[in-house]
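Participant: protein_20.csv is reproduced in full below (CSV, C-alpha atoms).
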```
chain,number,residue,atom,x,y,z
A,289,MET,CA,-54.6,64.3,-12.5
A,290,LEU,CA,-58.3,64.6,-12.2
A,291,ALA,CA,-59.8,66.5,-9.3
A,292,PRO,CA,-61.2,64.4,-6.5
A,293,ASN,CA,-64.8,65.2,-7.4
A,294,HIS,CA,-64.1,64.2,-11.0
A,295,ARG,CA,-62.6,60.9,-9.9
A,296,TRP,CA,-65.6,60.1,-7.7
A,297,GLY,CA,-68.0,61.2,-10.4
A,298,GLY,CA,-66.4,58.8,-12.9
A,299,LEU,CA,-66.5,56.0,-10.3
A,300,PHE,CA,-70.2,56.7,-9.6
A,301,ALA,CA,-71.0,56.6,-13.4
A,302,VAL,CA,-69.3,53.2,-13.7
A,303,TRP,CA,-71.1,52.0,-10.6
A,304,TYR,CA,-74.4,53.3,-11.9
A,305,VAL,CA,-74.0,51.6,-15.3
A,306,GLY,CA,-73.0,48.4,-13.5
A,307,ALA,CA,-76.2,48.5,-11.5
A,308,ILE,CA,-78.2,48.9,-14.7
A,309,LEU,CA,-76.6,45.9,-16.3
A,310,LEU,CA,-77.1,43.9,-13.2
A,311,SER,CA,-80.7,44.8,-13.0
A,312,ILE,CA,-81.2,43.6,-16.6
A,313,LEU,CA,-79.5,40.3,-15.9
A,314,PHE,CA,-81.5,40.0,-12.7
A,315,VAL,CA,-84.8,40.5,-14.5
A,316,ALA,CA,-83.7,38.2,-17.4
A,317,GLY,CA,-82.8,35.5,-14.9
A,318,TRP,CA,-79.1,34.9,-15.8
A,319,GLN,CA,-76.9,33.4,-13.1
A,320,THR,CA,-79.1,34.7,-10.4
A,321,ARG,CA,-77.1,33.1,-7.6
A,322,ILE,CA,-74.3,35.5,-8.5
A,323,VAL,CA,-76.2,38.4,-9.9
A,324,THR,CA,-78.7,38.9,-7.1
A,325,PRO,CA,-76.2,39.6,-4.2
A,326,LEU,CA,-74.2,41.8,-6.5
A,327,PHE,CA,-77.3,43.7,-7.6
A,328,PHE,CA,-78.2,44.1,-3.9
A,329,ILE,CA,-74.8,45.7,-3.1
A,330,PHE,CA,-74.8,48.0,-6.2
A,331,TYR,CA,-78.5,49.1,-5.6
A,332,THR,CA,-78.0,49.7,-1.9
A,333,ALA,CA,-74.9,51.7,-2.4
A,334,ILE,CA,-76.7,54.0,-5.0
A,335,ASN,CA,-79.8,54.3,-2.8
A,336,ALA,CA,-77.6,55.4,0.1
A,337,GLN,CA,-76.4,58.3,-1.9
A,338,ASN,CA,-79.9,59.5,-2.6
A,339,THR,CA,-81.7,59.3,0.7
A,340,PRO,CA,-83.6,62.6,0.2
A,341,VAL,CA,-85.4,61.2,-2.8
A,342,SER,CA,-86.0,57.8,-1.4
A,343,ASP,CA,-89.5,56.5,-0.6
A,344,GLY,CA,-91.0,53.4,1.0
A,345,GLY,CA,-90.5,51.5,-2.2
A,346,ASN,CA,-86.7,51.9,-2.1
A,347,TYR,CA,-86.4,50.4,1.4
A,348,PHE,CA,-88.9,47.7,0.6
A,349,ILE,CA,-87.0,46.5,-2.4
A,350,ARG,CA,-83.8,46.3,-0.4
A,351,ILE,CA,-85.5,44.0,2.1
A,352,MET,CA,-86.9,41.9,-0.8
A,353,LEU,CA,-83.4,41.6,-2.4
A,354,ILE,CA,-82.0,40.2,0.8
A,355,TYR,CA,-84.7,37.5,0.7
A,356,MET,CA,-84.2,36.9,-3.0
A,357,ILE,CA,-80.5,36.0,-2.5
A,358,PHE,CA,-81.7,32.7,-1.0
A,359,ALA,CA,-84.4,32.0,-3.5
A,360,ASP,CA,-84.2,29.9,-6.7
A,361,LEU,CA,-85.1,32.7,-9.1
A,362,SER,CA,-84.0,31.0,-12.3
A,363,ARG,CA,-86.0,27.8,-11.9
A,364,SER,CA,-88.4,28.9,-14.7
A,365,TRP,CA,-89.2,31.8,-17.0
A,366,SER,CA,-85.5,32.8,-17.1
A,367,VAL,CA,-82.5,32.7,-19.4
A,368,ASP,CA,-80.9,30.0,-17.3
A,369,SER,CA,-84.0,27.7,-17.6
A,370,TRP,CA,-84.1,28.4,-21.4
A,371,LEU,CA,-80.4,27.5,-21.7
A,372,ARG,CA,-80.9,24.3,-19.7
A,373,LYS,CA,-83.8,23.2,-21.9
A,374,ARG,CA,-81.9,24.0,-25.0
A,375,SER,CA,-78.9,22.0,-23.9
A,376,GLY,CA,-81.1,19.1,-22.7
A,377,LYS,CA,-79.7,19.2,-19.2
A,378,LYS,CA,-81.9,18.7,-16.1
A,379,LYS,CA,-81.4,20.9,-13.1
A,380,ARG,CA,-80.2,19.0,-10.1
A,381,GLU,CA,-82.6,19.3,-7.2
A,382,PHE,CA,-81.4,19.8,-3.6
A,383,GLU,CA,-83.6,19.6,-0.6
A,384,VAL,CA,-81.9,22.5,1.1
A,385,VAL,CA,-82.4,24.8,-2.0
A,386,THR,CA,-86.1,23.9,-2.1
A,387,VAL,CA,-86.6,24.5,1.6
A,388,LEU,CA,-84.8,27.9,1.4
A,389,HIS,CA,-86.9,28.9,-1.6
A,390,ASN,CA,-90.1,28.1,0.3
A,391,VAL,CA,-89.0,30.0,3.3
A,392,VAL,CA,-88.2,33.0,1.2
A,393,LEU,CA,-91.7,32.9,-0.2
A,394,CYS,CA,-93.2,32.8,3.3
A,395,LEU,CA,-90.9,35.7,4.4
A,396,VAL,CA,-92.1,37.8,1.4
A,397,VAL,CA,-95.7,37.2,2.2
A,398,ALA,CA,-95.1,37.9,5.9
A,399,GLN,CA,-93.4,41.2,4.9
A,400,LEU,CA,-96.3,42.2,2.7
A,401,CYS,CA,-98.8,41.4,5.6
A,402,GLN,CA,-96.7,43.5,8.0
A,403,VAL,CA,-96.4,46.5,5.6
A,404,TYR,CA,-100.1,46.6,4.7
A,405,LEU,CA,-101.3,45.9,8.3
A,406,GLU,CA,-99.2,48.6,9.8
A,407,ALA,CA,-100.1,51.1,7.0
A,408,GLY,CA,-103.8,50.4,7.6
A,409,LEU,CA,-103.6,50.7,11.3
A,410,TYR,CA,-101.6,53.9,11.0
A,411,LYS,CA,-104.2,55.4,8.6
A,412,VAL,CA,-107.2,54.5,10.7
A,413,GLN,CA,-105.9,56.5,13.6
A,414,GLY,CA,-106.1,59.8,11.6
A,415,ASN,CA,-109.1,62.0,11.5
A,416,LEU,CA,-108.9,62.2,7.7
A,417,CYS,CA,-109.3,58.5,7.3
A,418,GLN,CA,-112.0,58.3,9.9
A,419,ASN,CA,-114.2,60.9,8.2
A,420,GLY,CA,-113.4,59.5,4.7
A,421,THR,CA,-111.5,62.5,3.2
A,422,ALA,CA,-107.9,61.3,3.3
A,423,MET,CA,-107.7,60.4,-0.4
A,424,TYR,CA,-108.8,63.8,-1.5
A,425,TYR,CA,-105.6,65.6,-0.6
A,426,PRO,CA,-102.9,63.5,-2.3
A,427,VAL,CA,-105.1,63.0,-5.4
A,428,SER,CA,-105.8,66.7,-5.8
A,429,SER,CA,-102.3,67.8,-5.0
A,430,GLU,CA,-100.3,69.4,-7.8
A,431,ALA,CA,-97.1,67.7,-6.5
A,432,TYR,CA,-98.5,64.2,-7.3
A,433,GLY,CA,-101.2,64.6,-9.9
A,434,ILE,CA,-100.3,64.0,-13.5
A,435,PHE,CA,-103.7,64.0,-15.1
A,436,PRO,CA,-105.7,67.0,-13.6
A,437,TRP,CA,-108.9,65.9,-15.4
A,438,LEU,CA,-108.6,62.4,-13.8
A,439,SER,CA,-108.0,63.9,-10.3
A,440,ASN,CA,-111.0,66.2,-10.7
A,441,LEU,CA,-113.1,63.3,-11.8
A,442,ILE,CA,-112.2,61.3,-8.7
A,443,THR,CA,-112.5,64.2,-6.2
A,444,MET,CA,-115.7,65.9,-7.7
A,445,ASP,CA,-118.0,63.5,-5.7
A,446,SER,CA,-117.4,63.1,-2.0
A,447,TRP,CA,-118.8,59.6,-2.0
A,448,VAL,CA,-116.1,58.4,-4.4
A,449,VAL,CA,-113.4,59.9,-2.2
A,450,SER,CA,-115.0,58.3,0.9
A,451,LEU,CA,-115.3,54.9,-0.8
A,452,ILE,CA,-111.7,54.9,-2.0
A,453,THR,CA,-110.5,55.9,1.5
A,454,TYR,CA,-112.5,53.3,3.4
A,455,VAL,CA,-111.8,50.5,0.9
A,456,THR,CA,-108.1,51.2,1.1
A,457,VAL,CA,-108.0,51.1,4.9
A,458,VAL,CA,-110.2,48.0,5.2
A,459,ALA,CA,-108.3,46.1,2.5
A,460,GLN,CA,-104.9,46.8,4.2
A,461,ILE,CA,-106.0,45.9,7.7
A,462,ALA,CA,-107.9,42.8,6.5
A,463,PHE,CA,-105.2,41.7,4.1
A,464,PRO,CA,-103.4,39.1,6.3
A,465,SER,CA,-106.7,37.4,7.4
A,466,MET,CA,-108.0,37.3,3.8
A,467,LEU,CA,-105.2,35.1,2.6
A,468,PHE,CA,-106.4,32.0,4.4
A,469,ASN,CA,-109.4,31.5,2.1
A,470,LYS,CA,-109.2,30.9,-1.6
A,471,ILE,CA,-112.0,33.3,-2.6
A,472,SER,CA,-111.1,36.1,-0.1
A,473,ARG,CA,-107.4,35.8,-1.2
A,474,ARG,CA,-108.4,36.6,-4.8
A,475,ILE,CA,-110.4,39.5,-3.6
A,476,ALA,CA,-107.5,40.8,-1.5
A,477,LEU,CA,-105.1,40.4,-4.4
A,478,VAL,CA,-107.3,42.4,-6.7
A,479,LEU,CA,-107.7,45.1,-4.2
A,480,ILE,CA,-104.1,45.2,-3.2
A,481,LEU,CA,-102.9,45.2,-6.9
A,482,GLY,CA,-105.4,47.9,-7.7
A,483,MET,CA,-103.9,50.3,-5.2
A,484,PRO,CA,-100.3,50.5,-6.7
A,485,ILE,CA,-101.8,50.6,-10.2
A,486,GLY,CA,-104.1,53.5,-9.1
A,487,ILE,CA,-101.1,55.2,-7.4
A,488,ALA,CA,-99.0,54.9,-10.5
A,489,ILE,CA,-101.7,56.4,-12.8
A,490,VAL,CA,-103.2,59.1,-10.5
A,491,MET,CA,-100.2,60.1,-8.3
A,492,ARG,CA,-97.3,59.7,-10.7
A,493,LEU,CA,-95.4,57.2,-8.6
A,494,PRO,CA,-94.6,54.4,-11.1
A,495,PHE,CA,-91.5,53.0,-9.4
A,496,PHE,CA,-93.0,52.7,-6.0
A,497,SER,CA,-96.1,51.1,-7.5
A,498,GLY,CA,-94.1,48.7,-9.6
A,499,ILE,CA,-92.1,47.5,-6.6
A,500,MET,CA,-95.2,46.8,-4.6
A,501,ALA,CA,-97.1,45.2,-7.5
A,502,SER,CA,-94.1,42.9,-8.2
A,503,ALA,CA,-94.1,41.8,-4.5
A,504,ASP,CA,-97.9,41.3,-4.6
A,505,ALA,CA,-97.5,39.0,-7.6
A,506,VAL,CA,-95.9,36.4,-5.3
A,507,LEU,CA,-99.5,35.7,-4.1
A,508,VAL,CA,-100.6,34.7,-7.7
A,509,SER,CA,-101.0,31.0,-7.8
A,510,ILE,CA,-98.9,28.7,-10.0
A,511,ALA,CA,-102.0,27.7,-11.9
A,512,THR,CA,-102.7,31.3,-12.8
A,513,TRP,CA,-99.1,31.8,-14.0
A,514,ILE,CA,-99.3,28.6,-16.1
A,515,THR,CA,-102.6,29.9,-17.6
A,516,ILE,CA,-100.9,33.2,-18.4
A,517,ARG,CA,-97.9,31.5,-20.0
A,518,THR,CA,-100.2,29.3,-22.1
A,519,TRP,CA,-102.1,32.3,-23.3
A,520,LEU,CA,-99.0,34.2,-24.2
A,521,ALA,CA,-97.6,31.1,-26.0
A,522,SER,CA,-100.8,30.8,-28.1
A,523,ARG,CA,-100.3,34.4,-29.3
```
Will you turn the file into structure tokens for me?

Facilitator:
Amino acid sequence: MLAPNHRWGGLFAVWYVGAILLSILFVAGWQTRIVTPLFFIFYTAINAQNTPVSDGGNYFIRIMLIYMIFADLSRSWSVDSWLRKRSGKKKREFEVVTVLHNVVLCLVVAQLCQVYLEAGLYKVQGNLCQNGTAMYYPVSSEAYGIFPWLSNLITMDSWVVSLITYVTVVAQIAFPSMLFNKISRRIALVLILGMPIGIAIVMRLPFFSGIMASADAVLVSIATWITIRTWLASR
């Protein structure tokens, strides 16, 4: 017989591989009504075993997955939609499904507003954000920096550090109110998407950045997605 730790190690390996397969199916959009809750269970269980290395992105994606269980994720740009088009079948529309999907979108946007507003209000209370030097320390830290030359380029001028610090705080606090206007919403989306991209490049946190950027993408209009799809199809 295998030792208890060997048995649990084998079970964890199987569970881990299952989570990887479910994540692939989730991204591909295959049977999302079944895959999404299973993916949530598998991911949450693995995340609970690694709490010391967890960050805000891990908890944020768990909340998002709960919302996604009730969303119609395979409506378009998915394996399910491709299979429906190939077979010539039309998807049956249910009012309850549509309402739940719209509610989920509202909850995702509300969650984003809460996260950014609380983060901005928390930052503005600190002396480092008030004097414009807060961004200097994480950018120049060896624990986060992946490109020393880029970190030095950002931190060599105090006005650049102050500009990044103040823009970050203002963008996060003003984010909820900027969504009510078409022009300001686009500005807010550019600023908010710029932050996780910058964090991924400068601070070596690609997973956290990818999670936040994927949630921010909900704010991109349908017309923009159609334009992107048309452009990709033309290539």

Participant: Compare A:Gln413, A:Ile354, A:Asn469, A:Val367 by their minimum atom-to-atom distance to A:Ile312, counting only C-alpha atoms, and give me the closest one.

Facilitator: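 The answer is A:Val367, which sits nearest to A:Ile312.
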
Participant: Counting all atoms listed in the file, figure out which residue out of A:Ala407, A:Ile334, A:Ile489, A:Trp318 gets nearest to A:Pro436.

Facilitator: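 With all atoms listed in the file as the atom set, the closest residue is A:Ile489.
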
Participant: For A:Leu438, which of A:Ile322, A:Met491, A:Met500, A:Leu310 is the closest residue, counting all atoms listed in the file?

Facilitator: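 Counting all atoms listed in the file, the residue closest to A:Leu438 is A:Met491.
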
Participant: Considering all atoms listed in the file, can you say which of A:Thr453, A:Val392, A:Trp447, A:Ile434 comes closest to A:Asn415?

Facilitator: A:Thr453

Participant: Identify, on the basis of all atoms listed in the file, every residue whose closest approach to stretch 495-498 of chain A does not exceed 6 Å; exclude the query and any residue fewer than 4 positions from it along the same chain; express the result as a PDB file with C-alpha atoms, keeping the file's coordinate frame.

Facilitator:
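Writing the result to result-v8.pdb gives the following:
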```pdb
ATOM      1  CA  GLY A 345     -90.500  51.500  -2.200  1.00  0.00           C
ATOM      2  CA  PRO A 484    -100.300  50.500  -6.700  1.00  0.00           C
ATOM      3  CA  ALA A 488     -99.000  54.900 -10.500  1.00  0.00           C
ATOM      4  CA  SER A 502     -94.100  42.900  -8.200  1.00  0.00           C
TER       5      SER A 502
END
```

Participant: Can you work out the spacing between atom CA of A:Gln460 and atom CA of A:Leu481 in Å, to one decimal?

Facilitator: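 Separation between atom CA of A:Gln460 and atom CA of A:Leu481: 11.4 Å.
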
Participant: Could you work out how far atom CA of A:Thr456 lies from atom CA of A:Ser429, giving the answer in Å with one decimal?

Facilitator: 18.6 Å

Participant: How many Å separate atom CA of A:Ser509 from atom CA of A:Ile351?

Facilitator: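 We find that atom CA of A:Ser509 and atom CA of A:Ile351 lie 22.5 Å from each other.
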
Participant: Please, can stretch 449-460 of chain A be completed to N, CA and C atoms and returned as a compact mmCIF listing (two decimals), in the coordinates of the input?

Facilitator:
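Output below, filename selection21.txt:
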```
# COMPACT_ATOMS: atom_id res chain seq x y z
N VAL A 449 -114.59 59.69 -3.04
CA VAL A 449 -113.40 59.90 -2.20
C VAL A 449 -113.56 59.03 -0.92
N SER A 450 -114.74 59.05 -0.31
CA SER A 450 -115.00 58.30 0.90
C SER A 450 -114.85 56.77 0.64
N LEU A 451 -115.39 56.33 -0.50
CA LEU A 451 -115.30 54.90 -0.80
C LEU A 451 -113.89 54.44 -1.03
N ILE A 452 -113.10 55.22 -1.76
CA ILE A 452 -111.70 54.90 -2.00
C ILE A 452 -110.94 54.84 -0.66
N THR A 453 -111.20 55.82 0.19
CA THR A 453 -110.50 55.90 1.50
C THR A 453 -110.81 54.71 2.35
N TYR A 454 -112.10 54.39 2.51
CA TYR A 454 -112.50 53.30 3.40
C TYR A 454 -112.07 51.94 2.83
N VAL A 455 -112.20 51.74 1.52
CA VAL A 455 -111.80 50.50 0.90
C VAL A 455 -110.31 50.25 1.08
N THR A 456 -109.53 51.31 0.92
CA THR A 456 -108.10 51.20 1.10
C THR A 456 -107.71 50.77 2.49
N VAL A 457 -108.30 51.43 3.48
CA VAL A 457 -108.00 51.10 4.90
C VAL A 457 -108.42 49.72 5.24
N VAL A 458 -109.65 49.36 4.87
CA VAL A 458 -110.20 48.00 5.20
C VAL A 458 -109.36 46.93 4.52
N ALA A 459 -109.03 47.15 3.25
CA ALA A 459 -108.30 46.10 2.50
C ALA A 459 -106.89 45.91 3.13
N GLN A 460 -106.24 46.98 3.58
CA GLN A 460 -104.90 46.80 4.20
C GLN A 460 -104.98 46.15 5.53
```
